[in-house]
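K.L.:
Handing you a structure now.
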Amino acid sequence: MFEKIYKNSIIEKPKFTLLILAVLLLSFGYFAKDFQLDASSDTLLLENDPDLKYLREVNTKFGSKDFLVLTYTPKESLISPDTIRNLTNLKNDLTNLSWANNVITILDVPLLKNNDEPLAERIKNFKTLSSEDSDKERGFKEIINSPIYKEFIISKDGKTSGILVYIKTDKKLSDLIKTKNNYLNKRDKGQLTSEDKKEYKKFLKKYDNYKKSYNQKNHQNINEIRTVIEKYKDTAKIHLGGIPMIADDMMTYIKNDIIVFGAGVFLFIVCTLWFVFRSLLWVFIPLLSCFFSVLIMVGLLGLLGWKVTVISSNFISLMLILTMAMNIHMSVRYLQFKKENPNISNSEAILWTSGKMFWPILYTVLTTICAFLSLIFSGIKPIIDFGWMMSVGLLVSLSITFTLLPAILNILSKDNTNYKDEKKSIITSFLSKVAQQNTKTIFVSSLLVIIVSIIGITKLEVENSFINYFDKKTEIYKGMKLIDDKLGGTTPLDIIVKFPDKKKEEKIDDDFDSWDDEEKDEAKYWFTRNKIDRITLVHDYLDNLQAVGKVISFASMVRVAEDLNDGKKLQGLEMGILYNKIPDSIKKEIIDPYISIENNEARISLRVLDSREDLRRNELIKKINYDLENKLGLNRDEFKLAGVLILFNNLLQSLFKSQILTLGVVMAGITLMFLILFRNITLSLIGVVPNFMAAFLILGIIGLLGIPLDMMTITIAAITIGIAVDNSIHYIYRFKEEFKKNNNYNQTLEKCHDTVGVAILNTSITIVFGFSILVLSNFIPTIYFGIFTGIAMLLAMISVLTLLPKLILIVKPFGNV
């Protein structure tokens with residue numbers, strides 16, 4: 001029934017089929033305009049991470065603003081007249097940017113030891129390095145030794161300064177994010193009603209549209225600041241850093257990767273098709289299938305609002321490769337059938353080929369989809385999206401392959417086409433002999449592969465640094481490395497110290513009677529020596545950890561004040577008075593971000609040296625948690641860790657679990673599919689073993705090379721199995737078919753190597769070189785993904801053409817002859 005419908009609708013009416021496909025292409029092509037990229041930090045986080053929710057609470061309590069940071073290394077001294085003039089001009093140019101809220105440089109640091117006036121006067125009328133009457137040498141010495149500013153706004157050696165450019169808060173975006181988080185909280189608690197879900201769907205469109213315009217604005221801002229920086233490149237070495245810049249550059253990388261990967265794979269496919277078929281027709285037909293599949297999928301992504309991230313930026317190249325593999329198998333089988341049956345009509349040949357290839361290609365697509373769908377168990381949003389994206393893309397490719405290819409072939413291919421005899425492939429002939437004659441070599445090699453895999457897998461680790469995700473030539477790497485080396489580290493971590501509530505029973509000193517402001521009245525209760533001692537205790541502990549760079553807390557400010565007070569400790573009363581007298585401009589920048597009187601909490605902010613090779617994030621976090629409780633005597637409910645380091649570590653630690661889950665799911669799923677397809681347990685096990693071995697060997701190699709797992713490399717094993725197992729399906733399916741004709745295992749093996757073996761070789765080479773295009777990325781995990789997946793596919797191909805046939809010869813799954 002299905003065959004009859006297929007023949008009448010696709011084979012017999014090719015022009016009508018092409019018209020329908022053209023309408024689909026134009027329809028989905030229209031929605032391609034809504035195709036979106038996303039390089040926000042959300043794409044590098046775990047879904048539903050409670051630490052993310054807590055970090056947002058911390059940022060709300062203590063205030064958090066987006067900023068860009070410039071590292072400024074002048075050719076002359078930082079306090080030379082020329083440097084001060086250039087830095088002043090640079091600051092003015094940056095301040096004049098419409099989106100800049102304020103700019104802080106070394107010239108804005110309040111100098112409190114620059115003269116010998118009374119302390120109250122120095123605080124009230126502080127000077128800076130830009131003040132004409134300030135003592136530059138004395139001021140520079142104060143800054144470079146300041147508990148607050150050293151390794152924060154100036155390097156230890158005094159040669160590099162940091163410039164902070166705070167970005168104006170986008171109130172609308174903040175409100176939208178708050179609304180989105182409220183929806184997500186309700187969803188997590190299962191409180192979303194059907195009406196809420198409809199509203200949330202509408203809201204997401206509004207949110208995505210505004211986020212898109214915000215990203216465009218951010219891109220424009222980054223271009224503007226780079227234009228300003230360019231003017232001063234002759235006077236100083238300047239690098240740009242900060243999350244907004246990283247997000248924008250990653251967006252650029254994604255765009256470049258999509259173009260470069262797509263173009264690179266396209267060119268390689270053209271060359272491969274010409275090498276395999278030596279005919280413009282057989283170059284054109286598969287390319288047309290690829291074009292239809294990719295454009296329809298891009299339109300579908302635009303229609304559904306699926307965004308492409310740095311993880312899924314290679315989806316176009318993957319779709320091209322996998323669509324091409326389907327088309328090569330179909331085309332080779334069609335040509336072989338026409339060569340063996342020259343008198344059969346073109347329509348009959350196409351129908352026969354479609355019928356013979358439908359089930360093996362369907363199962364290869366299903367096994368590959370199984371591999372990609374296993375990624376949804378990772379718990380990592382961009383990997384989950386990548387899994388769904390490729391699964392849908394494979395269904396699109398399957399549909400196009402069995403509609404467009406037969407239709408276009410029926411129109412363009414002639415019944416009297418001369419199909420010349422092809423020479424036997426030297427490679428497949430050689431592998432055929434190896435499979436038949438080299439039993440010992442095959443099994444010894446397989447044993448070695450198993451041993452190497454086991455040893456390597458035991459050495460796998462997830463310790464990775466964000467800085468190492470980028471090529472050393474990129475601005476992201478250069479800026480982060482310099483900040484790490486000179487300005488106190490890159491990855492932020494906050495320790496929130498919570499103080500127990502105490503009833504205000506004691507009579508307050510009369511010195512506070514003049515305070516009539518409510519906030520000041522509340523502050524007078526808050527400042528106590530016990531609190532400062534506790535903050536200082538934690539601060540000093542963190543400052544002594546090797547992996548930690550700069551530590552800033554309220555203790556830093558107290559130390560400055562005590563230094564000005566001839567080293568005498570300040571008591572609660574004195575601190576309360578001092579807090580009241582500090583100018584609001586200073587209070588806002590260096591005090592309010594570190595204490596929350598309202599919430600009775602203090603924030604100790606530190607930055608971790610992300611580029612340290614011996615850094616072990618999970619161990620560091622565990623150590624801090626343990627030591628705060630067991631060595632410093634804090635109760636477990638009196639402190640909590642928050643920050644980007646926690647979120648990144650949560651992501652890394654989930655990778656091992658993800659690897660086990662994804663591999664387990666894909667292995668179970670593919671084995672089940674083999675059982676359904678071949679209805680033979682022995683044959684199913686024989687079919688999956690070579691591919692499992694190739695995937696595990698790659699994991700072993702990654703472990704032995706000491707390359708940590710990341711968001712891309714954890715997908716290699718599952719995807720390798722899913723794609724490589726296609727070769728096993730095609731080989732076993734053909735072996736089963738040919739064995740029925742001659743009942744001779746060795747003759748069938750030779751026949752399969754000369755027919756389907758050639759198709760396997762050609763598709764594998766296409767896939768290997770297609771993945772090798774990914775080395776052109778600026779994102780290191782993508783490069784690893786390309787290299788190791790390519791190697792795995794090569795190993796799988798060799799295994800399928802040696803170990804698989806050898807196991808068939810030994811086990812004889814089709815019966816003894």
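Going by the structure tokens order, chains are called A, B, ..., each with residues numbered from 1, while ligands are numbered from 1 in the order shown.
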Counting only C-alpha atoms, what is within 12 Å of A:Phe31, bar same-chain residues fewer than 2 positions away, as a PDB file with C-alpha atoms, in the first residue's frame?

P.N.:
ATOM      1  CA  LEU A  24       7.676  24.416   1.442  1.00  0.00           C
ATOM      2  CA  LEU A  25      11.091  25.900   0.726  1.00  0.00           C
ATOM      3  CA  LEU A  26       9.653  29.386   0.101  1.00  0.00           C
ATOM      4  CA  SER A  27       7.366  29.153   3.144  1.00  0.00           C
ATOM      5  CA  PHE A  28      10.089  28.118   5.566  1.00  0.00           C
ATOM      6  CA  GLY A  29      12.585  30.338   3.766  1.00  0.00           C
ATOM      7  CA  LYS A  33      14.521  35.976   8.671  1.00  0.00           C
ATOM      8  CA  ASP A  34      13.597  35.181  12.307  1.00  0.00           C
ATOM      9  CA  PHE A  35      16.628  32.893  12.738  1.00  0.00           C
ATOM     10  CA  GLN A  36      18.382  34.020  15.940  1.00  0.00           C
ATOM     11  CA  LEU A 295      17.054  26.151   4.410  1.00  0.00           C
ATOM     12  CA  ILE A 296      13.843  24.470   5.582  1.00  0.00           C
ATOM     13  CA  MET A 297      15.486  23.723   8.949  1.00  0.00           C
ATOM     14  CA  VAL A 298      16.756  27.307   9.344  1.00  0.00           C
ATOM     15  CA  GLY A 299      13.226  28.560   8.615  1.00  0.00           C
ATOM     16  CA  LEU A 300      11.794  26.080  11.110  1.00  0.00           C
ATOM     17  CA  LEU A 301      14.209  27.337  13.795  1.00  0.00           C
ATOM     18  CA  GLY A 302      13.078  30.892  13.054  1.00  0.00           C
ATOM     19  CA  LEU A 303       9.408  29.881  13.211  1.00  0.00           C
ATOM     20  CA  LEU A 304       9.801  28.006  16.513  1.00  0.00           C
ATOM     21  CA  GLY A 305      12.063  30.658  18.041  1.00  0.00           C
ATOM     22  CA  TRP A 306      14.917  28.215  18.679  1.00  0.00           C
TER      23      TRP A 306
END

K.L.:
Find the distance between atom CA of A:Met667 and atom CA of A:Ser432 and write it in Å to one decimal.

P.N.:
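That distance, rounded to one decimal, is 27.3 Å.
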
K.L.:
What are the nearest atom pairs, with distances in Å to one decimal, for all residues of stretch 45-86 of chain A that come at most 12 Å from stretch 486-489 of chain A, using only C-alpha atoms, set out by chain and rising residue number as a tab-separated table?

P.N.:
residue	atom	partner	partner_atom	distance
A:Val69	CA	A:Leu487	CA	10.5
A:Leu70	CA	A:Leu487	CA	10.7
A:Thr71	CA	A:Leu487	CA	8.5
A:Tyr72	CA	A:Lys486	CA	10.7
A:Thr73	CA	A:Lys486	CA	10.4

K.L.:
Store the residues picked out above in a file with N, CA, C and O atoms, as a compact mmCIF listing (two decimals), in the first residue's frame.

P.N.:
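In the end it all went to out.txt:
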# COMPACT_ATOMS: atom_id res chain seq x y z
N VAL A 69 35.74 46.32 31.32
CA VAL A 69 37.00 46.65 31.95
C VAL A 69 38.08 46.75 30.88
O VAL A 69 38.14 45.93 29.96
N LEU A 70 38.88 47.82 31.00
CA LEU A 70 40.00 48.00 30.08
C LEU A 70 41.29 47.83 30.88
O LEU A 70 41.41 48.36 31.99
N THR A 71 42.22 47.09 30.33
CA THR A 71 43.56 47.05 30.93
C THR A 71 44.40 48.07 30.19
O THR A 71 44.47 48.06 28.96
N TYR A 72 45.05 48.96 30.95
CA TYR A 72 45.77 50.10 30.36
C TYR A 72 47.23 50.05 30.79
O TYR A 72 47.55 50.25 31.96
N THR A 73 48.11 49.73 29.84
CA THR A 73 49.55 49.67 30.14
C THR A 73 50.26 50.71 29.28
O THR A 73 50.55 50.49 28.10

K.L.:
What's around A:Lys640 at 8 Å? Count only C-alpha atoms, leave out sequence neighbours fewer than 3 positions away in its own chain, and write the answer as a ChimeraX atom specification.

P.N.:
/A:495-497,636-637

K.L.:
If we count only C-alpha atoms and set the cut-off at 9 Å, which residues sit around A:Met245, ignoring sequence neighbours fewer than 5 positions away in its own chain? Please answer as an mmCIF file with all heavy atoms, in the first residue's frame.

P.N.:
data_model
loop_
_atom_site.group_PDB
_atom_site.id
_atom_site.type_symbol
_atom_site.label_atom_id
_atom_site.label_comp_id
_atom_site.auth_asym_id
_atom_site.auth_seq_id
_atom_site.Cartn_x
_atom_site.Cartn_y
_atom_site.Cartn_z
ATOM 1 N N LEU A 68 32.288 47.134 31.612
ATOM 2 C CA LEU A 68 33.406 46.701 30.773
ATOM 3 C C LEU A 68 34.682 47.097 31.491
ATOM 4 O O LEU A 68 34.709 48.091 32.220
ATOM 5 C CB LEU A 68 33.344 47.376 29.396
ATOM 6 C CG LEU A 68 32.176 46.949 28.505
ATOM 7 C CD1 LEU A 68 31.984 47.940 27.374
ATOM 8 C CD2 LEU A 68 32.399 45.558 27.949
ATOM 9 N N ASN A 218 24.131 46.416 22.215
ATOM 10 C CA ASN A 218 25.389 46.052 22.868
ATOM 11 C C ASN A 218 26.510 45.926 21.854
ATOM 12 O O ASN A 218 27.644 46.364 22.104
ATOM 13 C CB ASN A 218 25.217 44.732 23.626
ATOM 14 C CG ASN A 218 26.457 44.337 24.404
ATOM 15 O OD1 ASN A 218 26.975 45.105 25.207
ATOM 16 N ND2 ASN A 218 26.964 43.134 24.154
ATOM 17 N N HIS A 219 26.197 45.348 20.691
ATOM 18 C CA HIS A 219 27.186 45.214 19.619
ATOM 19 C C HIS A 219 27.667 46.600 19.169
ATOM 20 O O HIS A 219 28.870 46.823 18.965
ATOM 21 C CB HIS A 219 26.583 44.455 18.445
ATOM 22 C CG HIS A 219 27.523 44.268 17.289
ATOM 23 N ND1 HIS A 219 28.666 43.505 17.375
ATOM 24 C CD2 HIS A 219 27.503 44.777 16.028
ATOM 25 C CE1 HIS A 219 29.311 43.529 16.216
ATOM 26 N NE2 HIS A 219 28.628 44.300 15.394
ATOM 27 N N ILE A 222 29.979 48.054 21.858
ATOM 28 C CA ILE A 222 31.324 47.472 21.825
ATOM 29 C C ILE A 222 32.127 48.057 20.670
ATOM 30 O O ILE A 222 33.323 48.361 20.814
ATOM 31 C CB ILE A 222 31.247 45.924 21.703
ATOM 32 C CG1 ILE A 222 30.510 45.317 22.909
ATOM 33 C CG2 ILE A 222 32.648 45.326 21.590
ATOM 34 C CD1 ILE A 222 31.114 45.607 24.254
ATOM 35 N N LEU A 240 40.392 45.059 25.982
ATOM 36 C CA LEU A 240 39.011 45.200 26.451
ATOM 37 C C LEU A 240 38.518 43.873 27.020
ATOM 38 O O LEU A 240 38.782 42.811 26.461
ATOM 39 C CB LEU A 240 38.115 45.636 25.273
ATOM 40 C CG LEU A 240 36.624 45.843 25.567
ATOM 41 C CD1 LEU A 240 36.416 46.981 26.560
ATOM 42 C CD2 LEU A 240 35.875 46.136 24.266
ATOM 43 N N MET A 250 31.392 36.461 21.321
ATOM 44 C CA MET A 250 30.930 35.095 21.095
ATOM 45 C C MET A 250 29.829 35.062 20.035
ATOM 46 O O MET A 250 29.746 34.129 19.239
ATOM 47 C CB MET A 250 30.433 34.479 22.406
ATOM 48 C CG MET A 250 31.567 34.072 23.332
ATOM 49 S SD MET A 250 31.011 33.313 24.861
ATOM 50 C CE MET A 250 30.391 31.746 24.276
ATOM 51 N N ILE A 476 39.267 38.163 23.718
ATOM 52 C CA ILE A 476 38.730 37.623 24.981
ATOM 53 C C ILE A 476 39.857 37.002 25.795
ATOM 54 O O ILE A 476 40.004 37.283 26.989
ATOM 55 C CB ILE A 476 37.631 36.569 24.703
ATOM 56 C CG1 ILE A 476 36.396 37.228 24.088
ATOM 57 C CG2 ILE A 476 37.241 35.844 25.996
ATOM 58 C CD1 ILE A 476 35.298 36.251 23.719
#

K.L.:
Can you tell me, as a ChimeraX atom specification, what residues are no more than 9 Å from A:Leu192 when counting only C-alpha atoms, ignoring any on the same chain fewer than 6 positions away?

P.N.:
/A:183-184,186

K.L.:
Mind writing the picked residues with C-alpha atoms as a compact mmCIF listing (two decimals), in the first residue's frame?

P.N.:
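Output saved as selection32.txt:
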# COMPACT_ATOMS: atom_id res chain seq x y z
CA TYR A 183 7.37 32.75 35.57
CA LEU A 184 10.24 30.26 35.89
CA LYS A 186 6.12 29.39 39.30

K.L.:
Please report, as a ChimeraX atom specification, each residue of stretch 573-762 of chain A to which DSSP assigns helix (DSSP H, G or I) when run on this structure's backbone.

P.N.:
/A:573-581,584-590,617-630,636-638,644-678,681-704,713-742,745-754,756-762

K.L.:
Using only C-alpha atoms, which residues sit within 12 Å of A:Val758 once same-chain residues fewer than 4 positions away are excluded, as a ChimeraX atom specification?

P.N.:
/A:276-277,328-329,331-333,336,422-432,727,730-731,750-754,762-765,797,801

K.L.:
Kindly export the residues of the current selection with N, CA, C and O atoms, as a compact mmCIF listing (two decimals), in the first residue's frame.

P.N.:
# COMPACT_ATOMS: atom_id res chain seq x y z
N VAL A 276 33.79 11.01 -6.24
CA VAL A 276 33.06 9.74 -6.19
C VAL A 276 32.34 9.44 -7.50
O VAL A 276 32.40 8.33 -8.02
N PHE A 277 31.64 10.45 -8.05
CA PHE A 277 30.76 10.18 -9.19
C PHE A 277 31.28 10.68 -10.55
O PHE A 277 30.85 10.20 -11.60
N ILE A 328 24.46 9.88 -0.64
CA ILE A 328 25.51 9.03 -1.24
C ILE A 328 25.07 7.57 -1.21
O ILE A 328 25.21 6.85 -2.21
N HIS A 329 24.52 7.11 -0.08
CA HIS A 329 24.05 5.72 -0.01
C HIS A 329 22.95 5.45 -1.04
O HIS A 329 22.96 4.42 -1.72
N SER A 331 22.35 7.17 -3.83
CA SER A 331 22.87 7.33 -5.20
C SER A 331 23.72 6.14 -5.63
O SER A 331 23.59 5.63 -6.75
N VAL A 332 24.61 5.68 -4.73
CA VAL A 332 25.47 4.55 -5.05
C VAL A 332 24.64 3.30 -5.31
O VAL A 332 24.88 2.54 -6.26
N ARG A 333 23.61 3.09 -4.47
CA ARG A 333 22.76 1.90 -4.66
C ARG A 333 21.99 1.97 -5.97
O ARG A 333 21.85 0.98 -6.69
N GLN A 336 24.50 1.31 -8.82
CA GLN A 336 24.88 -0.11 -8.86
C GLN A 336 23.75 -0.96 -9.45
O GLN A 336 23.98 -1.87 -10.25
N GLU A 422 32.95 0.71 -12.61
CA GLU A 422 33.85 1.37 -11.65
C GLU A 422 34.93 0.39 -11.21
O GLU A 422 34.67 -0.79 -11.01
N LYS A 423 36.13 0.91 -11.07
CA LYS A 423 37.22 0.07 -10.56
C LYS A 423 36.96 -0.22 -9.08
O LYS A 423 36.36 0.57 -8.37
N LYS A 424 37.43 -1.37 -8.65
CA LYS A 424 37.30 -1.72 -7.25
C LYS A 424 38.11 -0.75 -6.39
O LYS A 424 39.20 -0.33 -6.79
N SER A 425 37.57 -0.45 -5.22
CA SER A 425 38.29 0.43 -4.31
C SER A 425 39.48 -0.32 -3.70
O SER A 425 39.32 -1.43 -3.18
N ILE A 426 40.65 0.27 -3.81
CA ILE A 426 41.86 -0.36 -3.25
C ILE A 426 41.72 -0.50 -1.73
O ILE A 426 42.10 -1.51 -1.15
N ILE A 427 41.14 0.54 -1.10
CA ILE A 427 41.04 0.55 0.37
C ILE A 427 40.09 -0.53 0.86
O ILE A 427 40.41 -1.32 1.76
N THR A 428 38.86 -0.59 0.27
CA THR A 428 37.89 -1.59 0.74
C THR A 428 38.35 -3.01 0.40
O THR A 428 38.10 -3.96 1.16
N SER A 429 39.06 -3.18 -0.73
CA SER A 429 39.60 -4.51 -1.09
C SER A 429 40.64 -4.95 -0.07
O SER A 429 40.68 -6.11 0.36
N PHE A 430 41.48 -3.98 0.34
CA PHE A 430 42.52 -4.27 1.35
C PHE A 430 41.87 -4.65 2.69
O PHE A 430 42.26 -5.63 3.33
N LEU A 431 40.86 -3.87 3.10
CA LEU A 431 40.18 -4.14 4.38
C LEU A 431 39.42 -5.47 4.32
O LEU A 431 39.28 -6.16 5.34
N SER A 432 38.96 -5.85 3.13
CA SER A 432 38.29 -7.14 2.95
C SER A 432 39.27 -8.28 3.23
O SER A 432 38.93 -9.25 3.92
N ASN A 727 26.88 2.96 9.65
CA ASN A 727 27.69 2.08 8.79
C ASN A 727 27.39 0.61 9.06
O ASN A 727 27.29 -0.20 8.14
N HIS A 730 23.97 -0.32 7.49
CA HIS A 730 24.06 -0.48 6.03
C HIS A 730 24.81 -1.76 5.66
O HIS A 730 24.40 -2.50 4.76
N TYR A 731 25.90 -2.04 6.39
CA TYR A 731 26.71 -3.21 6.06
C TYR A 731 25.95 -4.51 6.36
O TYR A 731 25.89 -5.42 5.53
N GLU A 750 33.17 -10.17 0.43
CA GLU A 750 33.85 -9.47 -0.68
C GLU A 750 32.88 -8.61 -1.46
O GLU A 750 33.21 -7.48 -1.85
N LYS A 751 31.68 -9.14 -1.71
CA LYS A 751 30.65 -8.39 -2.45
C LYS A 751 30.26 -7.14 -1.68
O LYS A 751 30.13 -6.04 -2.26
N CYS A 752 30.08 -7.28 -0.38
CA CYS A 752 29.68 -6.13 0.45
C CYS A 752 30.77 -5.06 0.49
O CYS A 752 30.48 -3.86 0.43
N HIS A 753 32.03 -5.48 0.57
CA HIS A 753 33.13 -4.52 0.59
C HIS A 753 33.23 -3.77 -0.74
O HIS A 753 33.63 -2.60 -0.77
N ASP A 754 32.86 -4.45 -1.85
CA ASP A 754 32.95 -3.81 -3.17
C ASP A 754 31.74 -2.93 -3.46
O ASP A 754 31.78 -2.13 -4.40
N ASN A 762 33.15 6.24 1.37
CA ASN A 762 32.94 7.60 0.86
C ASN A 762 32.22 8.49 1.88
O ASN A 762 32.60 9.65 2.09
N THR A 763 31.16 7.96 2.51
CA THR A 763 30.44 8.77 3.49
C THR A 763 31.30 9.04 4.72
O THR A 763 31.27 10.14 5.27
N SER A 764 32.09 8.05 5.13
CA SER A 764 32.96 8.24 6.30
C SER A 764 34.02 9.30 6.05
O SER A 764 34.29 10.14 6.91
N ILE A 765 34.61 9.25 4.85
CA ILE A 765 35.63 10.26 4.51
C ILE A 765 34.99 11.64 4.48
O ILE A 765 35.55 12.63 4.97
N MET A 797 34.75 3.55 11.08
CA MET A 797 34.70 3.03 9.71
C MET A 797 35.64 1.84 9.53
O MET A 797 35.27 0.80 8.98
N LEU A 801 34.56 -2.17 8.86
CA LEU A 801 35.01 -2.90 7.67
C LEU A 801 36.07 -3.96 7.98
O LEU A 801 36.58 -4.62 7.08

K.L.:
Could you give me the residues within stretch 78-112 of chain A that DSSP places in strand (DSSP E or B), as a list in words?

P.N.:
Ala100, Asn101, Asn102, Val103, Ile104 and Leu111 of chain A

K.L.:
Could you dump the residues just selected with all heavy atoms as a short mmCIF file (atom, residue, chain, number, x, y, z; two decimals), in the first residue's frame?

P.N.:
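Wrote part-v2.cif, looks like this:
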data_model
loop_
_atom_site.label_atom_id
_atom_site.label_comp_id
_atom_site.auth_asym_id
_atom_site.auth_seq_id
_atom_site.Cartn_x
_atom_site.Cartn_y
_atom_site.Cartn_z
N ALA A 100 27.43 54.97 28.63
CA ALA A 100 28.31 54.83 29.81
C ALA A 100 27.72 55.57 31.00
O ALA A 100 27.39 56.76 30.89
CB ALA A 100 29.70 55.34 29.48
N ASN A 101 27.56 54.90 32.12
CA ASN A 101 27.02 55.53 33.32
C ASN A 101 28.11 56.32 34.04
O ASN A 101 27.95 57.51 34.32
CB ASN A 101 26.45 54.45 34.24
CG ASN A 101 25.74 55.04 35.44
OD1 ASN A 101 25.02 56.03 35.31
ND2 ASN A 101 25.93 54.47 36.61
N ASN A 102 29.22 55.67 34.33
CA ASN A 102 30.38 56.37 34.88
C ASN A 102 31.63 55.56 34.60
O ASN A 102 31.57 54.36 34.31
CB ASN A 102 30.22 56.63 36.38
CG ASN A 102 30.19 55.37 37.19
OD1 ASN A 102 29.53 54.41 36.82
ND2 ASN A 102 30.90 55.36 38.31
N VAL A 103 32.77 56.24 34.66
CA VAL A 103 34.07 55.62 34.34
C VAL A 103 35.00 55.84 35.52
O VAL A 103 35.15 56.97 36.00
CB VAL A 103 34.67 56.23 33.06
CG1 VAL A 103 36.02 55.59 32.75
CG2 VAL A 103 33.71 56.08 31.88
N ILE A 104 35.60 54.75 35.99
CA ILE A 104 36.53 54.84 37.12
C ILE A 104 37.92 54.46 36.65
O ILE A 104 38.13 53.38 36.07
CB ILE A 104 36.09 53.93 38.27
CG1 ILE A 104 34.73 54.37 38.80
CG2 ILE A 104 37.12 53.92 39.39
CD1 ILE A 104 34.16 53.48 39.88
N LEU A 111 42.49 60.02 47.43
CA LEU A 111 43.77 59.96 48.15
C LEU A 111 43.56 60.54 49.54
O LEU A 111 43.31 61.73 49.70
CB LEU A 111 44.84 60.76 47.39
CG LEU A 111 45.08 60.33 45.94
CD1 LEU A 111 46.09 61.27 45.27
CD2 LEU A 111 45.56 58.89 45.87
#

K.L.:
With distances taken over only C-alpha atoms, which of A:Leu628, A:Ile163, A:Ile148, A:Ile106 is nearest to A:Leu129?

P.N.:
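Comparing A:Leu628, A:Ile163, A:Ile148, A:Ile106 against A:Leu129, the winner is A:Ile106.
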